[in-house]
file protein.pdb (PDB, C-alpha atoms and all ligand atoms)
ATOM      1  CA  MET A 267      84.926 113.095 113.312  1.00  0.00           C
ATOM      2  CA  ALA A 268      84.692 112.565 109.570  1.00  0.00           C
ATOM      3  CA  ILE A 269      83.873 108.870 109.496  1.00  0.00           C
ATOM      4  CA  THR A 270      80.753 107.549 111.161  1.00  0.00           C
ATOM      5  CA  ARG A 271      81.572 104.407 113.013  1.00  0.00           C
ATOM      6  CA  ASN A 272      78.936 101.943 114.101  1.00  0.00           C
ATOM      7  CA  VAL A 273      80.529  99.719 116.676  1.00  0.00           C
ATOM      8  CA  LYS A 274      78.758  96.754 118.185  1.00  0.00           C
ATOM      9  CA  CYS A 275      79.298  96.415 121.895  1.00  0.00           C
ATOM     10  CA  PRO A 276      80.987  93.060 122.635  1.00  0.00           C
ATOM     11  CA  ASN A 277      79.326  92.995 126.045  1.00  0.00           C
ATOM     12  CA  CYS A 278      75.627  93.691 125.384  1.00  0.00           C
ATOM     13  CA  GLY A 279      75.409  93.674 121.558  1.00  0.00           C
ATOM     14  CA  ILE A 280      74.011  97.201 121.176  1.00  0.00           C
ATOM     15  CA  PHE A 281      75.291  99.330 118.279  1.00  0.00           C
ATOM     16  CA  ASN A 282      76.963 102.611 119.200  1.00  0.00           C
ATOM     17  CA  LYS A 283      77.623 105.491 116.807  1.00  0.00           C
ATOM     18  CA  ASN A 284      80.912 107.360 117.255  1.00  0.00           C
ATOM     19  CA  ARG A 285      81.334 106.360 120.847  1.00  0.00           C
ATOM     20  CA  ASP A 286      84.352 105.121 122.770  1.00  0.00           C
ATOM     21  CA  TYR A 287      82.148 103.640 125.464  1.00  0.00           C
ATOM     22  CA  CYS A 288      78.877 101.712 125.094  1.00  0.00           C
ATOM     23  CA  LYS A 289      75.837 103.908 125.787  1.00  0.00           C
ATOM     24  CA  ASN A 290      74.092 100.968 127.436  1.00  0.00           C
ATOM     25  CA  CYS A 291      76.678  99.246 129.637  1.00  0.00           C
ATOM     26  CA  ASN A 292      79.694 101.603 129.446  1.00  0.00           C
ATOM     27  CA  THR A 293      82.052  98.949 128.039  1.00  0.00           C
ATOM     28  CA  LEU A 294      85.062 100.329 126.169  1.00  0.00           C
ATOM     29  CA  ILE A 295      84.362  99.645 122.490  1.00  0.00           C
ATOM     30  CA  SER A 296      86.785 101.986 120.702  1.00  0.00           C
ATOM     31  CA  PHE A 297      89.416  99.908 118.923  1.00  0.00           C
ATOM     32  CA  GLU A 298      92.019 102.696 119.121  1.00  0.00           C
ATOM     33  CA  LYS A 299      91.412 103.227 122.833  1.00  0.00           C
ATOM     34  CA  ARG A 300      91.672  99.500 123.465  1.00  0.00           C
ATOM     35  CA  GLN A 301      95.011  99.362 121.624  1.00  0.00           C
ATOM     36  CA  GLU A 302      96.204 102.378 123.609  1.00  0.00           C
ATOM     37  CA  GLN A 303      95.329 100.690 126.888  1.00  0.00           C
ATOM     38  CA  LYS A 304      97.094  97.512 125.778  1.00  0.00           C
ATOM     39  CA  VAL A 305     100.296  99.455 125.102  1.00  0.00           C
ATOM     40  CA  ILE A 306     100.042 101.219 128.464  1.00  0.00           C
ATOM     41  CA  ALA A 307      99.463  97.889 130.236  1.00  0.00           C
ATOM     42  CA  TYR A 308     102.422  96.385 128.390  1.00  0.00           C
ATOM     43  CA  LYS A 309     104.710  99.251 129.386  1.00  0.00           C
ATOM     44  CA  LYS A 310     103.599  98.948 133.020  1.00  0.00           C
ATOM     45  CA  GLU A 311     104.348  95.223 132.919  1.00  0.00           C
ATOM     46  CA  GLU A 312     107.841  95.867 131.508  1.00  0.00           C
ATOM     47  CA  LEU A 313     108.520  98.458 134.192  1.00  0.00           C
ATOM     48  CA  LYS A 314     107.387  96.058 136.892  1.00  0.00           C
ATOM     49  CA  LYS A 315     109.673  93.340 135.506  1.00  0.00           C
ATOM     50  CA  ALA A 316     112.629  95.739 135.469  1.00  0.00           C
ATOM     51  CA  LYS A 317     111.921  96.701 139.081  1.00  0.00           C
ATOM     52  CA  ASP A 318     111.677  93.048 140.104  1.00  0.00           C
ATOM     53  CA  ASP A 319     115.040  92.339 138.480  1.00  0.00           C
ATOM     54  CA  ILE A 320     116.665  95.128 140.471  1.00  0.00           C
ATOM     55  CA  ALA A 321     114.993  94.022 143.703  1.00  0.00           C
ATOM     56  CA  ASN A 322     115.835  90.311 143.371  1.00  0.00           C
ATOM     57  CA  PRO A 323     119.258  89.462 141.979  1.00  0.00           C
ATOM     58  CA  ASN A 324     118.548  86.619 139.579  1.00  0.00           C
ATOM     59  CA  LEU A 325     119.871  83.088 139.521  1.00  0.00           C
ATOM     60  CA  ALA A 326     122.693  83.977 137.129  1.00  0.00           C
ATOM     61  CA  GLU A 327     123.975  86.684 139.483  1.00  0.00           C
ATOM     62  CA  ARG A 328     123.994  84.262 142.397  1.00  0.00           C
ATOM     63  CA  LEU A 329     125.710  81.499 140.377  1.00  0.00           C
ATOM     64  CA  LYS A 330     128.404  83.906 139.164  1.00  0.00           C
ATOM     65  CA  LYS A 331     129.478  84.375 142.784  1.00  0.00           C
ATOM     66  CA  HIS A 332     129.317  80.672 143.617  1.00  0.00           C
ATOM     67  CA  SER A 333     132.423  79.057 145.166  1.00  0.00           C
ATOM     68  CA  PHE A 334     132.380  76.126 142.745  1.00  0.00           C
ATOM     69  CA  TRP A 335     133.891  77.065 139.327  1.00  0.00           C
ATOM     70  CA  LEU A 336     131.456  74.948 137.302  1.00  0.00           C
ATOM     71  CA  TYR A 337     128.507  76.845 138.827  1.00  0.00           C
ATOM     72  CA  ARG A 338     130.241  80.142 138.012  1.00  0.00           C
ATOM     73  CA  ILE A 339     130.519  79.094 134.340  1.00  0.00           C
ATOM     74  CA  VAL A 340     126.822  78.159 134.293  1.00  0.00           C
ATOM     75  CA  GLY A 341     126.128  81.556 135.895  1.00  0.00           C
ATOM     76  CA  TRP A 342     128.021  83.399 133.144  1.00  0.00           C
ATOM     77  CA  VAL A 343     126.261  81.392 130.410  1.00  0.00           C
ATOM     78  CA  LEU A 344     122.883  82.202 131.985  1.00  0.00           C
ATOM     79  CA  TYR A 345     123.935  85.835 132.375  1.00  0.00           C
ATOM     80  CA  SER A 346     124.845  86.096 128.670  1.00  0.00           C
ATOM     81  CA  ALA A 347     121.544  84.503 127.660  1.00  0.00           C
ATOM     82  CA  TYR A 348     119.725  86.864 130.032  1.00  0.00           C
ATOM     83  CA  LEU A 349     121.448  89.908 128.526  1.00  0.00           C
ATOM     84  CA  LEU A 350     120.511  88.757 125.026  1.00  0.00           C
ATOM     85  CA  VAL A 351     116.868  88.235 125.997  1.00  0.00           C
ATOM     86  CA  SER A 352     116.795  91.673 127.698  1.00  0.00           C
ATOM     87  CA  ALA A 353     118.212  93.318 124.575  1.00  0.00           C
ATOM     88  CA  ILE A 354     115.624  91.626 122.373  1.00  0.00           C
ATOM     89  CA  GLY A 355     112.868  92.581 124.844  1.00  0.00           C
ATOM     90  CA  ALA A 356     113.981  96.220 124.817  1.00  0.00           C
ATOM     91  CA  LEU A 357     114.021  96.177 121.017  1.00  0.00           C
ATOM     92  CA  ILE A 358     110.485  94.768 120.893  1.00  0.00           C
ATOM     93  CA  ALA A 359     109.280  97.340 123.449  1.00  0.00           C
ATOM     94  CA  TRP A 360     110.851 100.114 121.377  1.00  0.00           C
ATOM     95  CA  PHE A 361     109.274  98.736 118.207  1.00  0.00           C
ATOM     96  CA  ILE A 362     105.802  98.592 119.794  1.00  0.00           C
ATOM     97  CA  ALA A 363     106.213 102.160 121.074  1.00  0.00           C
ATOM     98  CA  MET A 364     107.166 103.312 117.559  1.00  0.00           C
ATOM     99  CA  VAL A 365     104.174 101.548 116.002  1.00  0.00           C
ATOM    100  CA  ALA A 366     101.850 103.002 118.640  1.00  0.00           C
ATOM    101  CA  ALA A 367     103.234 106.516 118.094  1.00  0.00           C
ATOM    102  CA  GLY A 368     103.061 106.292 114.296  1.00  0.00           C
TER
HETATM  103 ZN    ZN B   1      77.211  97.469 125.919  1.00  0.00          ZN
END

call {"tool": "encode", "arguments": {"input": "protein.pdb", "output": "structure tokens"}}
result
Amino acid sequence: MAITRNVKCPNCGIFNKNRDYCKNCNTLISFEKRQEQKVIAYKKEELKKAKDDIANPNLAERLKKHSFWLYRIVGWVLYSAYLLVSAIGALIAWFIAMVAAG
């Protein structure tokens, strides 16, 4: 490593030179590693959400099949909004992945 980094441990306050983990209490102190873990956690969360959506048909899906026409319209409106939100979410996820990779 070219640059010497002196990172103060947020847990115990000890300064660590060029370490990802605190030499005293083993807390993760590397900024890059923390960011990496955040991205991984975020991706896991997105995956979990996608799985939940497949497992439990959402309110919009149920309303779309409702016998009363007004409920079906509400279902389609919700469905459209849901699609839009999903598209934006996917875009944000893609953007974060690009930033993390670059
Ligand atoms: Zn520490």

call {"tool": "residues_near_ligand", "arguments": {"input": "protein.pdb", "ligand": "ligand ZN 1 (chain B)", "cutoff": "12 Å", "atoms": "only C-alpha atoms and all ligand atoms", "output": "PyMOL selection string"}}
result
chain A and resi 273-282+285-296

call {"tool": "atom_distance", "arguments": {"input": "protein.pdb", "atom1": "CA of Phe361 in chain A", "atom2": "CA of Phe297 in chain A"}}
result
19.9 Å

call {"tool": "atom_distance", "arguments": {"input": "protein.pdb", "atom1": "CA of Ile306 in chain A", "atom2": "CA of Thr270 in chain A"}}
result
26.7 Å

call {"tool": "atom_distance", "arguments": {"input": "protein.pdb", "atom1": "CA of Asp318 in chain A", "atom2": "CA of Ala363 in chain A"}}
result
21.8 Å

call {"tool": "residues_around", "arguments": {"input": "protein.pdb", "residues": "Trp342 in chain A", "least_positions_apart": "2", "cutoff": "8 Å", "atoms": "only C-alpha atoms", "output": "ChimeraX atom specification"}}
result
/A:326,329-330,338-340,344-346

call {"tool": "closest_residue", "arguments": {"input": "protein.pdb", "among": "A:Ile358, A:Val365, A:Asn284, A:Tyr348", "to": "Asp319 in chain A", "atoms": "only C-alpha atoms"}}
result
A:Tyr348

call {"tool": "resolve_selection", "arguments": {"input": "protein.pdb", "expression": "the PyMOL selection byres (((chain A and resi 308-311) around 12) and not hetatm)", "output": "tab-separated table (two decimals) with C-alpha atoms, in the coordinates of the input"}}
result
chain	number	residue	atom	x	y	z
A	301	GLN	CA	95.01	99.36	121.62
A	302	GLU	CA	96.20	102.38	123.61
A	303	GLN	CA	95.33	100.69	126.89
A	304	LYS	CA	97.09	97.51	125.78
A	305	VAL	CA	100.30	99.46	125.10
A	306	ILE	CA	100.04	101.22	128.46
A	307	ALA	CA	99.46	97.89	130.24
A	312	GLU	CA	107.84	95.87	131.51
A	313	LEU	CA	108.52	98.46	134.19
A	314	LYS	CA	107.39	96.06	136.89
A	315	LYS	CA	109.67	93.34	135.51
A	316	ALA	CA	112.63	95.74	135.47
A	317	LYS	CA	111.92	96.70	139.08
A	318	ASP	CA	111.68	93.05	140.10
A	355	GLY	CA	112.87	92.58	124.84
A	356	ALA	CA	113.98	96.22	124.82
A	358	ILE	CA	110.48	94.77	120.89
A	359	ALA	CA	109.28	97.34	123.45
A	360	TRP	CA	110.85	100.11	121.38
A	362	ILE	CA	105.80	98.59	119.79
A	363	ALA	CA	106.21	102.16	121.07
A	366	ALA	CA	101.85	103.00	118.64
